[in-house]
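Trainee: Sending over protein_27.csv (CSV, C-alpha atoms).
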chain,number,residue,atom,x,y,z
A,10,MET,CA,35.3,-33.9,-20.3
A,11,VAL,CA,34.1,-32.6,-23.7
A,12,ASP,CA,30.6,-33.8,-23.1
A,13,SER,CA,30.5,-32.1,-19.7
A,14,SER,CA,31.8,-28.8,-21.0
A,15,GLY,CA,29.4,-29.0,-24.0
A,16,SER,CA,26.5,-29.5,-21.6
A,17,TRP,CA,27.5,-26.5,-19.6
A,18,ARG,CA,27.7,-24.4,-22.8
A,19,ASP,CA,24.3,-25.6,-23.9
A,20,ALA,CA,22.9,-24.6,-20.5
A,21,TYR,CA,24.3,-21.1,-20.8
A,22,LYS,CA,23.1,-20.8,-24.4
A,23,GLY,CA,19.6,-21.7,-23.1
A,24,MET,CA,19.3,-18.3,-21.4
A,25,SER,CA,17.9,-15.9,-23.9
A,26,SER,CA,19.0,-12.3,-24.2
A,27,ASP,CA,15.8,-11.1,-22.6
A,28,ASN,CA,16.4,-13.3,-19.6
A,29,VAL,CA,20.0,-11.9,-19.3
A,30,LYS,CA,18.6,-8.4,-19.3
A,31,GLY,CA,16.1,-9.3,-16.7
A,32,LEU,CA,18.7,-10.9,-14.6
A,33,VAL,CA,21.0,-7.9,-14.6
A,34,LEU,CA,18.1,-5.6,-13.8
A,35,ALA,CA,16.9,-7.9,-11.0
A,36,LEU,CA,20.4,-7.9,-9.4
A,37,SER,CA,20.6,-4.1,-9.5
A,38,SER,CA,17.2,-3.9,-8.0
A,39,SER,CA,18.1,-6.1,-5.0
A,40,LEU,CA,21.1,-3.9,-4.3
A,41,PHE,CA,19.0,-0.7,-4.1
A,42,ILE,CA,16.1,-2.3,-2.2
A,43,GLY,CA,18.4,-4.0,0.3
A,44,ALA,CA,20.0,-0.7,1.2
A,45,SER,CA,16.7,1.2,1.2
A,46,PHE,CA,15.5,-1.0,4.1
A,47,ILE,CA,18.2,0.3,6.3
A,48,VAL,CA,17.9,4.0,5.3
A,49,LYS,CA,14.2,3.9,5.8
A,50,LYS,CA,14.5,2.2,9.2
A,51,LYS,CA,16.9,5.0,10.3
A,52,GLY,CA,14.4,7.6,9.1
A,53,LEU,CA,11.5,5.9,10.9
A,54,LYS,CA,13.5,5.7,14.1
A,55,LYS,CA,14.4,9.4,13.9
A,56,ALA,CA,10.8,10.4,13.1
A,57,GLY,CA,9.4,8.2,15.9
A,58,ALA,CA,11.7,10.0,18.4
A,59,SER,CA,9.9,13.3,17.8
A,60,GLY,CA,6.4,12.2,16.8
A,61,LEU,CA,3.9,9.3,16.6
A,62,ARG,CA,5.5,6.2,15.4
A,63,ALA,CA,4.3,4.6,12.1
A,64,GLY,CA,3.6,1.4,13.9
A,65,SER,CA,1.1,3.3,16.1
A,66,GLY,CA,-0.6,4.9,13.1
A,67,GLY,CA,1.5,8.0,12.8
A,68,TYR,CA,2.8,9.6,9.6
A,69,SER,CA,5.5,11.9,11.0
A,70,TYR,CA,8.1,10.0,8.9
A,71,LEU,CA,6.7,11.8,5.9
A,72,LEU,CA,8.5,15.0,7.2
A,73,GLU,CA,11.8,13.1,7.7
A,74,PRO,CA,14.4,13.7,4.9
A,75,LEU,CA,16.2,10.5,5.7
A,76,TRP,CA,13.1,8.4,5.2
A,77,TRP,CA,12.6,10.1,1.8
A,78,ILE,CA,16.2,9.2,0.8
A,79,GLY,CA,15.4,5.6,1.6
A,80,MET,CA,12.1,5.8,-0.3
A,81,ILE,CA,13.9,7.2,-3.4
A,82,THR,CA,16.5,4.4,-3.2
A,83,MET,CA,13.7,1.9,-3.0
A,84,ILE,CA,11.9,3.6,-5.9
A,85,VAL,CA,15.1,3.3,-8.0
A,86,GLY,CA,15.3,-0.4,-7.1
A,87,GLU,CA,11.6,-0.9,-7.9
A,88,ILE,CA,12.0,0.7,-11.3
A,89,ALA,CA,14.8,-1.7,-12.1
A,90,ASN,CA,12.6,-4.5,-10.8
A,91,PHE,CA,9.8,-3.2,-12.9
A,92,ALA,CA,12.0,-3.3,-16.0
A,93,ALA,CA,13.2,-6.8,-15.1
A,94,TYR,CA,9.7,-8.2,-15.1
A,95,ALA,CA,9.2,-6.8,-18.7
A,96,PHE,CA,12.1,-9.0,-19.9
A,97,ALA,CA,12.1,-12.1,-17.8
A,98,PRO,CA,9.5,-14.4,-16.1
A,99,ALA,CA,8.6,-13.8,-12.5
A,100,ILE,CA,10.0,-17.2,-11.5
A,101,LEU,CA,13.5,-15.8,-12.5
A,102,VAL,CA,13.1,-12.3,-11.2
A,103,THR,CA,11.3,-12.6,-7.9
A,104,PRO,CA,13.6,-15.2,-6.1
A,105,LEU,CA,16.6,-12.9,-6.8
A,106,GLY,CA,15.2,-10.7,-4.1
A,107,ALA,CA,17.2,-12.9,-1.7
A,108,LEU,CA,20.1,-10.7,-2.4
A,109,SER,CA,18.3,-7.8,-0.8
A,110,ILE,CA,17.9,-9.9,2.3
A,111,ILE,CA,21.6,-10.4,2.5
A,112,ILE,CA,22.3,-6.8,2.0
A,113,SER,CA,19.8,-5.6,4.5
A,114,ALA,CA,20.8,-8.1,7.1
A,115,SER,CA,24.5,-7.2,6.7
A,116,LEU,CA,23.9,-3.5,6.8
A,117,ALA,CA,21.5,-3.9,9.8
A,118,HIS,CA,24.4,-5.6,11.6
A,119,ILE,CA,26.8,-2.9,10.8
A,120,ILE,CA,24.7,0.3,10.9
A,121,LEU,CA,21.7,-0.5,13.1
A,122,GLN,CA,23.7,-2.7,15.5
A,123,GLU,CA,21.2,-5.5,14.9
A,124,LYS,CA,23.4,-8.5,15.5
A,125,LEU,CA,23.7,-11.2,12.8
A,126,HIS,CA,24.6,-14.6,14.3
A,127,THR,CA,27.4,-16.7,12.7
A,128,PHE,CA,24.9,-19.1,11.3
A,129,GLY,CA,23.2,-16.1,9.6
A,130,ILE,CA,26.2,-16.1,7.2
A,131,LEU,CA,25.4,-19.7,6.3
A,132,GLY,CA,21.8,-18.5,5.7
A,133,CYS,CA,23.1,-15.9,3.3
A,134,ALA,CA,25.1,-18.5,1.5
A,135,LEU,CA,22.1,-20.8,1.1
A,136,CYS,CA,20.1,-17.9,-0.4
A,137,ILE,CA,22.9,-17.3,-3.0
A,138,VAL,CA,23.1,-21.0,-3.9
A,139,GLY,CA,19.3,-21.3,-4.3
A,140,SER,CA,19.2,-18.1,-6.4
A,141,VAL,CA,21.9,-19.4,-8.8
A,142,THR,CA,20.0,-22.7,-9.1
A,143,ILE,CA,16.8,-21.0,-10.1
A,144,VAL,CA,18.6,-18.7,-12.6
A,145,LEU,CA,20.2,-21.6,-14.4
A,146,HIS,CA,16.9,-23.4,-14.8
A,147,ALA,CA,14.4,-20.6,-15.2
A,148,PRO,CA,11.8,-20.8,-18.0
A,149,GLN,CA,12.1,-18.6,-21.1
A,150,GLU,CA,10.0,-15.5,-21.3
A,151,GLN,CA,6.7,-16.0,-23.1
A,152,ASP,CA,6.3,-14.2,-26.5
A,153,ILE,CA,3.5,-11.6,-26.1
A,154,ASP,CA,2.7,-9.2,-29.0
A,155,SER,CA,-0.1,-7.1,-27.4
A,156,VAL,CA,-1.4,-6.0,-24.0
A,157,LEU,CA,-4.7,-7.6,-25.0
A,158,GLU,CA,-3.0,-11.0,-24.7
A,159,VAL,CA,-2.0,-10.2,-21.1
A,160,TRP,CA,-5.5,-9.0,-20.4
A,161,ASN,CA,-6.9,-12.3,-21.6
A,162,LEU,CA,-4.5,-14.2,-19.3
A,163,ALA,CA,-5.6,-12.0,-16.4
A,164,THR,CA,-9.3,-12.5,-16.9
A,165,GLU,CA,-9.2,-16.3,-17.1
A,166,PRO,CA,-11.3,-18.0,-14.3
A,167,ALA,CA,-8.3,-19.5,-12.5
A,168,PHE,CA,-6.5,-16.1,-12.0
A,169,LEU,CA,-9.7,-14.3,-11.2
A,170,PHE,CA,-10.4,-16.8,-8.4
A,171,TYR,CA,-6.8,-16.3,-7.1
A,172,ALA,CA,-7.2,-12.5,-7.2
A,173,ALA,CA,-10.5,-12.5,-5.4
A,174,ALA,CA,-9.1,-14.8,-2.7
A,175,VAL,CA,-6.0,-12.5,-2.2
A,176,VAL,CA,-8.1,-9.4,-1.9
A,177,GLY,CA,-10.5,-11.1,0.5
A,178,ALA,CA,-7.7,-12.4,2.7
A,179,ALA,CA,-6.0,-8.9,2.8
A,180,ILE,CA,-9.3,-7.2,3.8
A,181,VAL,CA,-9.8,-9.7,6.6
A,182,LEU,CA,-6.3,-9.1,7.9
A,183,ILE,CA,-6.7,-5.3,7.8
A,184,VAL,CA,-10.1,-5.2,9.4
A,185,GLN,CA,-10.0,-8.1,11.9
A,186,PHE,CA,-6.4,-9.0,12.7
A,187,ILE,CA,-4.3,-5.8,12.5
A,188,PRO,CA,-6.2,-4.0,15.3
A,189,LEU,CA,-5.7,-7.0,17.6
A,190,TYR,CA,-2.3,-8.5,16.6
A,191,GLY,CA,-0.5,-5.9,14.5
A,192,GLN,CA,1.9,-4.8,17.3
A,193,SER,CA,2.7,-8.3,18.4
A,194,HIS,CA,2.7,-10.6,15.4
A,195,VAL,CA,4.9,-9.8,12.4
A,196,MET,CA,3.0,-12.1,10.1
A,197,VAL,CA,-0.1,-9.8,10.1
A,198,TYR,CA,1.5,-6.7,8.5
A,199,ILE,CA,3.7,-8.8,6.2
A,200,GLY,CA,0.7,-10.9,5.2
A,201,VAL,CA,-1.0,-7.9,3.8
A,202,CYS,CA,2.2,-6.7,2.0
A,203,SER,CA,2.8,-10.2,0.4
A,204,LEU,CA,-0.8,-10.8,-0.7
A,205,ILE,CA,-1.2,-7.4,-2.3
A,206,GLY,CA,2.4,-7.6,-3.6
A,207,SER,CA,1.7,-10.7,-5.6
A,208,LEU,CA,-1.1,-8.8,-7.5
A,209,SER,CA,1.1,-5.8,-7.9
A,210,VAL,CA,3.9,-7.9,-9.6
A,211,MET,CA,1.4,-9.3,-12.1
A,212,SER,CA,0.1,-5.8,-12.9
A,213,VAL,CA,3.7,-4.5,-13.1
A,214,LYS,CA,4.6,-7.2,-15.5
A,215,ALA,CA,1.6,-6.5,-17.7
A,216,LEU,CA,2.3,-2.7,-17.7
A,217,GLY,CA,6.0,-3.4,-18.3
A,218,ILE,CA,5.2,-5.5,-21.3
A,219,ALA,CA,2.9,-2.8,-22.6
A,220,LEU,CA,5.6,-0.1,-22.3
A,221,LYS,CA,8.3,-2.4,-23.8
A,222,LEU,CA,6.1,-3.0,-26.9
A,223,THR,CA,5.3,0.7,-27.1
A,224,PHE,CA,9.0,1.7,-27.0
A,225,SER,CA,9.7,-0.9,-29.7
A,226,GLY,CA,7.2,0.7,-32.0
A,227,THR,CA,3.9,-1.0,-31.2
A,228,ASN,CA,1.9,1.5,-29.3
A,229,GLN,CA,-0.1,0.0,-26.5
A,230,LEU,CA,-1.1,3.2,-24.7
A,231,GLY,CA,-4.3,3.5,-26.7
A,232,TYR,CA,-5.7,0.3,-25.1
A,233,PRO,CA,-7.8,0.9,-22.0
A,234,GLN,CA,-6.4,-2.3,-20.5
A,235,THR,CA,-3.0,-0.6,-20.2
A,236,TRP,CA,-4.5,2.1,-18.0
A,237,VAL,CA,-6.4,-0.4,-15.9
A,238,PHE,CA,-3.2,-2.2,-15.2
A,239,THR,CA,-1.6,1.2,-14.3
A,240,VAL,CA,-4.4,2.0,-11.7
A,241,ILE,CA,-4.0,-1.5,-10.2
A,242,VAL,CA,-0.3,-1.0,-9.9
A,243,LEU,CA,-0.7,2.3,-8.1
A,244,MET,CA,-3.3,1.0,-5.7
A,245,CYS,CA,-1.4,-2.2,-4.8
A,246,VAL,CA,2.0,-0.4,-4.4
A,247,ILE,CA,0.5,2.3,-2.1
A,248,THR,CA,-1.1,-0.4,0.1
A,249,GLN,CA,2.0,-2.5,0.1
A,250,MET,CA,4.3,0.3,1.1
A,251,ASN,CA,2.0,1.5,3.9
A,252,TYR,CA,1.9,-1.8,5.7
A,253,LEU,CA,5.6,-2.5,5.0
A,254,ASN,CA,6.4,0.8,6.8
A,255,LYS,CA,4.4,-0.4,9.8
A,256,ALA,CA,6.2,-3.7,9.8
A,257,LEU,CA,9.6,-2.1,9.6
A,258,ASP,CA,8.8,0.4,12.4
A,259,THR,CA,7.4,-2.2,14.7
A,260,PHE,CA,9.8,-5.2,14.3
A,261,ASN,CA,13.4,-5.9,13.8
A,262,THR,CA,14.7,-5.4,10.2
A,263,ALA,CA,16.5,-8.7,10.2
A,264,VAL,CA,13.2,-10.4,11.0
A,265,VAL,CA,10.9,-8.4,8.6
A,266,SER,CA,13.2,-8.8,5.5
A,267,PRO,CA,13.4,-12.6,5.3
A,268,ILE,CA,9.8,-13.3,6.3
A,269,TYR,CA,8.5,-10.7,3.8
A,270,TYR,CA,10.8,-12.3,1.1
A,271,VAL,CA,9.5,-15.8,1.7
A,272,MET,CA,5.8,-14.9,1.7
A,273,PHE,CA,6.1,-12.4,-1.2
A,274,THR,CA,8.1,-14.7,-3.4
A,275,SER,CA,5.9,-17.8,-2.7
A,276,LEU,CA,2.7,-15.9,-3.6
A,277,THR,CA,4.3,-14.2,-6.6
A,278,ILE,CA,5.5,-17.5,-8.1
A,279,LEU,CA,2.1,-19.0,-7.5
A,280,ALA,CA,0.4,-16.0,-9.2
A,281,SER,CA,2.8,-16.2,-12.1
A,282,VAL,CA,2.3,-19.9,-12.6
A,283,ILE,CA,-1.5,-19.4,-12.6
A,284,MET,CA,-1.6,-16.3,-14.9
A,285,PHE,CA,1.3,-16.7,-17.3
A,286,LYS,CA,1.5,-20.6,-17.1
A,287,ASP,CA,5.3,-20.5,-16.7
A,288,TRP,CA,5.6,-24.2,-15.9
A,289,ASP,CA,3.6,-25.3,-19.1
A,290,ARG,CA,6.8,-24.6,-21.1
A,291,GLN,CA,9.1,-26.7,-18.9
A,292,ASN,CA,9.6,-30.4,-18.1
A,293,GLY,CA,9.3,-32.1,-14.8
A,294,THR,CA,13.1,-32.0,-14.1
A,295,GLN,CA,13.3,-28.3,-14.6
A,296,ILE,CA,10.4,-27.6,-12.4
A,297,PHE,CA,11.7,-29.9,-9.7
A,298,THR,CA,15.2,-28.2,-9.8
A,299,GLU,CA,13.6,-24.8,-9.5
A,300,LEU,CA,11.6,-25.9,-6.5
A,301,CYS,CA,14.8,-27.3,-4.9
A,302,GLY,CA,16.4,-23.9,-5.5
A,303,PHE,CA,13.5,-22.1,-4.0
A,304,VAL,CA,13.5,-24.5,-0.9
A,305,THR,CA,17.2,-23.8,-0.5
A,306,ILE,CA,16.4,-20.0,-0.4
A,307,LEU,CA,13.6,-20.6,2.1
A,308,SER,CA,16.1,-22.6,4.2
A,309,GLY,CA,18.5,-19.7,4.2
A,310,THR,CA,15.9,-17.1,5.1
A,311,PHE,CA,14.6,-19.4,7.9
A,312,LEU,CA,18.1,-19.8,9.2
A,313,LEU,CA,18.5,-16.0,9.2
A,314,HIS,CA,15.3,-15.6,11.1
A,315,THR,CA,16.1,-18.3,13.6
A,316,THR,CA,19.6,-17.0,14.3
A,317,THR,CA,18.2,-13.5,14.9
A,318,ASP,CA,16.0,-15.0,17.7
A,319,MET,CA,19.1,-16.7,19.1
A,320,VAL,CA,20.9,-13.4,19.3
A,321,ASP,CA,18.0,-11.8,21.0
A,322,SER,CA,17.7,-14.5,23.6
A,323,GLU,CA,21.4,-14.4,24.3
A,324,SER,CA,21.4,-10.7,24.8
A,325,LYS,CA,18.4,-11.0,27.1
A,326,GLY,CA,20.3,-13.6,29.1
A,327,ASN,CA,23.4,-11.5,29.3
A,328,ASP,CA,21.4,-8.5,30.4
A,329,ASN,CA,19.5,-10.3,33.2
A,330,HIS,CA,19.9,-7.9,36.1
A,331,LEU,CA,18.1,-6.4,39.1
A,332,LEU,CA,17.1,-2.8,38.9
A,333,LEU,CA,16.8,-0.8,42.1
A,334,ARG,CA,15.6,2.8,42.2
A,335,ILE,CA,16.5,5.4,44.9
A,336,PRO,CA,13.3,7.2,45.8
A,337,LYS,CA,13.0,10.7,44.6
A,338,HIS,CA,13.3,13.6,47.0
A,339,SER,CA,11.9,17.1,46.8
A,340,GLU,CA,15.2,18.9,47.4
A,341,ASP,CA,18.7,18.1,48.4
A,342,SER,CA,20.8,20.1,50.8
A,343,ASN,CA,21.6,22.5,48.0
A,344,GLY,CA,17.9,23.1,47.2
A,345,PHE,CA,18.0,21.2,43.8
A,346,ALA,CA,15.5,18.6,42.9
A,347,GLN,CA,16.8,15.0,43.0
A,348,ASP,CA,15.9,12.5,40.3
A,349,GLY,CA,15.7,8.8,41.0
A,350,ILE,CA,18.9,6.9,40.3
A,351,ILE,CA,18.7,3.5,38.7
A,352,LEU,CA,21.3,1.0,39.9
A,353,SER,CA,21.9,-2.1,37.8
A,354,LEU,CA,22.9,-5.0,40.0
A,355,ARG,CA,24.0,-8.0,37.8
A,356,ARG,CA,22.9,-11.3,39.3
A,357,GLN,CA,25.6,-13.7,40.2
A,358,GLU,CA,25.6,-16.8,38.0
A,359,SER,CA,27.0,-19.1,40.6
A,360,ALA,CA,24.4,-20.7,42.9
A,361,LYS,CA,26.9,-22.4,45.2
A,362,SER,CA,26.8,-19.8,48.0
A,363,PRO,CA,23.9,-17.8,49.4
A,364,ARG,CA,26.2,-14.8,49.8
A,365,PRO,CA,25.1,-12.9,46.7
A,366,ALA,CA,21.5,-12.9,47.8
A,367,ARG,CA,22.4,-11.6,51.2
A,368,GLN,CA,24.6,-8.9,49.6
A,369,THR,CA,21.8,-7.8,47.3
A,370,LYS,CA,19.3,-7.7,50.3
A,371,GLN,CA,21.8,-5.7,52.3
A,372,LEU,CA,22.2,-3.2,49.4
A,373,GLU,CA,18.4,-2.8,49.1
A,374,ASP,CA,18.2,-2.0,52.8
A,375,ASP,CA,21.1,0.5,52.4
A,376,LEU,CA,19.3,2.2,49.5
A,377,GLU,CA,16.1,2.4,51.4
A,378,ALA,CA,18.0,4.1,54.3
A,379,VAL,CA,19.4,6.8,52.0
A,380,PRO,CA,16.3,9.1,52.1
A,381,LEU,CA,16.2,8.9,56.0
A,382,ARG,CA,19.9,9.8,56.3
A,383,ARG,CA,19.5,12.7,54.0
A,384,GLN,CA,16.5,14.0,55.9
A,385,GLU,CA,18.3,13.7,59.2
A,386,SER,CA,21.3,15.5,57.7
A,387,SER,CA,19.0,18.3,56.4
A,388,LEU,CA,17.3,18.7,59.9
A,389,ARG,CA,20.7,18.9,61.6
A,390,SER,CA,21.9,21.6,59.2
Give the structure from the file, written as structure tokens.
Mentor:
Amino acid sequence: MVDSSGSWRDAYKGMSSDNVKGLVLALSSSLFIGASFIVKKKGLKKAGASGLRAGSGGYSYLLEPLWWIGMITMIVGEIANFAAYAFAPAILVTPLGALSIIISASLAHIILQEKLHTFGILGCALCIVGSVTIVLHAPQEQDIDSVLEVWNLATEPAFLFYAAAVVGAAIVLIVQFIPLYGQSHVMVYIGVCSLIGSLSVMSVKALGIALKLTFSGTNQLGYPQTWVFTVIVLMCVITQMNYLNKALDTFNTAVVSPIYYVMFTSLTILASVIMFKDWDRQNGTQIFTELCGFVTILSGTFLLHTTTDMVDSESKGNDNHLLLRIPKHSEDSNGFAQDGIILSLRRQESAKSPRPARQTKQLEDDLEAVPLRRQESSLRS
């Protein structure tokens, strides 16, 4: 028992004060960002009702106050996330975005009436378990004394190759695939967000380190590399937010959030491993445990996505019905224009008797006879 408790104490002591700060900031960030998805979606819906939808290329949401509230909430979350990257490695900070999935899926179920299947709760639990696993085995933050060290890491051949591949893939998606498949395949918009997002995280981390060193007394603002990272952050974030808005406006929030998280987190961890060499400071057991935690999170997000499709298919099955429309008439007996009336005739589930089909056919004939009867009544009067 003593050895076991001692090992637990050693594990907790292994988390540095910087990692703890990064952990708290990352958790706060997820709370704000998860809520912002819902507020922004409400704003996009309201703006789309009176103007061109964002998914169709419109920007009417910029005039919608509710969307700006969601954007401000997201900015607060991103600022906390920004600060978290300055204190802790990306392998620790980025996977904690799973909490934002749980928050957004739960709020979407309550506020947006986007149903969350019972197994979706299990998916949320898996995300939490995976996040805890990664937190307990995350690597320590690398000691960096100058933004020039970050610049040297960013200009190594391996990361330059990764950055070129990401930019090239994003351009291909924007030019070739979005015009054709943007409205029907959620992966297109999210692919652009995730690819550019991985570069934005690396730039944010570099800028965050520069600001942290500046506030601690070592001024980094005089280096041109600091401003280069700032420009890259602005360009990446603007692009990322633009296509994330399109994805949210076009597809279900409970679908966008988990897929975006999976792709964004995977690419960010890959970028961090290449640029900051996080795994060079860990042994095989720690790396394997982190990967198991990440796979657990992926399983949870996949379960959330799958159960959303189950809910959609169930609702479509329950709403299977026949629509009949009474033809419009120019005027009724009182001289008022008549609008077509839609009648919803729910199909009978039982196939034992042909009576429901005959009843439906009879009702169709009766509805077709309505205009003739009204015309005859009008002539008699």
Trainee: Could you tell me how far atom CA of Gly57 of chain A lies from atom CA of Leu116 of chain A, in Å and to one decimal?
Mentor: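 If I compute the distance from atom CA of Gly57 of chain A to atom CA of Leu116 of chain A, I get 20.7 Å.
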Trainee: Do a neighbour search on segment 198-212 of chain A at 7 Å with only C-alpha atoms, toss out local chain neighbours closer than 6 positions, and write the hits as number ranges by chain.
Mentor: A: 175, 179, 182, 191, 238, 241-242, 245-246, 249, 252-253, 256, 269, 272-273, 276-277, 280
Trainee: When you count all atoms listed in the file, which of these residues is closest to Arg290 of chain A: A:Ala147, A:Ile81, A:Leu72, A:Phe91?
Mentor: A:Ala147
Trainee: Can you tell me, as an MDAnalysis selection string, what residues are no more than 10 Å from Leu121 of chain A when counting all atoms listed in the file, ignoring any on the same chain fewer than 4 positions away?
Mentor: chainID A and resid 47:48 50:51 114:117 261:262
Trainee: Would you compute the distance between atom CA of Ala174 of chain A and atom CA of Val271 of chain A? Give it in Å to one decimal.
Mentor: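 Computed distance, atom CA of Ala174 of chain A to atom CA of Val271 of chain A, equals 19.1 Å.
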Trainee: Which residues are close to Pro74 of chain A, i.e. within 10 Å by all atoms listed in the file, leaving aside same-chain residues fewer than 5 positions away? Reply as a PyMOL selection string.
Mentor: chain A and resi 49+52+55-56+79-80
Trainee: Name the residues in contact with Ser266 of chain A at a cut-off of 9 Å, using only C-alpha atoms, excluding same-chain residues fewer than 6 positions from it; report them as number ranges by chain.
Mentor: A: 43, 46, 109-110, 113-114, 257, 310
Trainee: Please provide the set of residues having any atom within 12 Å of Gln229 of chain A, restricted to all atoms listed in the file, with same-chain residues fewer than 4 positions apart removed, written as a PyMOL selection string.
Mentor: chain A and resi 154-159+215-225+233-236+238
Trainee: Write a file of the selected residues as a tab-separated table (two decimals), in the frame of the given file, keeping C-alpha atoms.
Mentor:
chain	number	residue	atom	x	y	z
A	154	ASP	CA	2.70	-9.20	-29.00
A	155	SER	CA	-0.10	-7.10	-27.40
A	156	VAL	CA	-1.40	-6.00	-24.00
A	157	LEU	CA	-4.70	-7.60	-25.00
A	158	GLU	CA	-3.00	-11.00	-24.70
A	159	VAL	CA	-2.00	-10.20	-21.10
A	215	ALA	CA	1.60	-6.50	-17.70
A	216	LEU	CA	2.30	-2.70	-17.70
A	217	GLY	CA	6.00	-3.40	-18.30
A	218	ILE	CA	5.20	-5.50	-21.30
A	219	ALA	CA	2.90	-2.80	-22.60
A	220	LEU	CA	5.60	-0.10	-22.30
A	221	LYS	CA	8.30	-2.40	-23.80
A	222	LEU	CA	6.10	-3.00	-26.90
A	223	THR	CA	5.30	0.70	-27.10
A	224	PHE	CA	9.00	1.70	-27.00
A	225	SER	CA	9.70	-0.90	-29.70
A	233	PRO	CA	-7.80	0.90	-22.00
A	234	GLN	CA	-6.40	-2.30	-20.50
A	235	THR	CA	-3.00	-0.60	-20.20
A	236	TRP	CA	-4.50	2.10	-18.00
A	238	PHE	CA	-3.20	-2.20	-15.20
Trainee: When you draw a straight line from atom CA of Ser38 of chain A to atom CA of Glu87 of chain A, how long is it in Å?
Mentor: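 We find that atom CA of Ser38 of chain A and atom CA of Glu87 of chain A lie 6.4 Å from each other.
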Trainee: Dig up all the protein and nucleic acid residues within 8 Å of (14.5, -13.6, -10.0) in the file frame, using all atoms listed in the file, and format them as a VMD selection string.
Mentor: chain A and resid 32 35 98 to 106 140 143 to 144
Trainee: Ranking A:Phe96, A:Tyr270, A:Phe297, A:Tyr190 by minimum distance to Ile42 of chain A and counting only C-alpha atoms, which one comes first?
Mentor: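 Ranking A:Phe96, A:Tyr270, A:Phe297, A:Tyr190 by distance to Ile42 of chain A, first place goes to A:Tyr270.
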Trainee: I'd like to know which of A:Thr294, A:Ile112, A:Lys255, A:Gly132 is closest to Ile187 of chain A, using all atoms listed in the file.
Mentor: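 Distance minimum relative to Ile187 of chain A lands on A:Lys255.
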Trainee: Measuring between all atoms listed in the file, which one of A:Leu243, A:Ala167, A:Ala107, A:Val282 shows the shortest distance to Pro267 of chain A?
Mentor: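 Distance minimum relative to Pro267 of chain A lands on A:Ala107.
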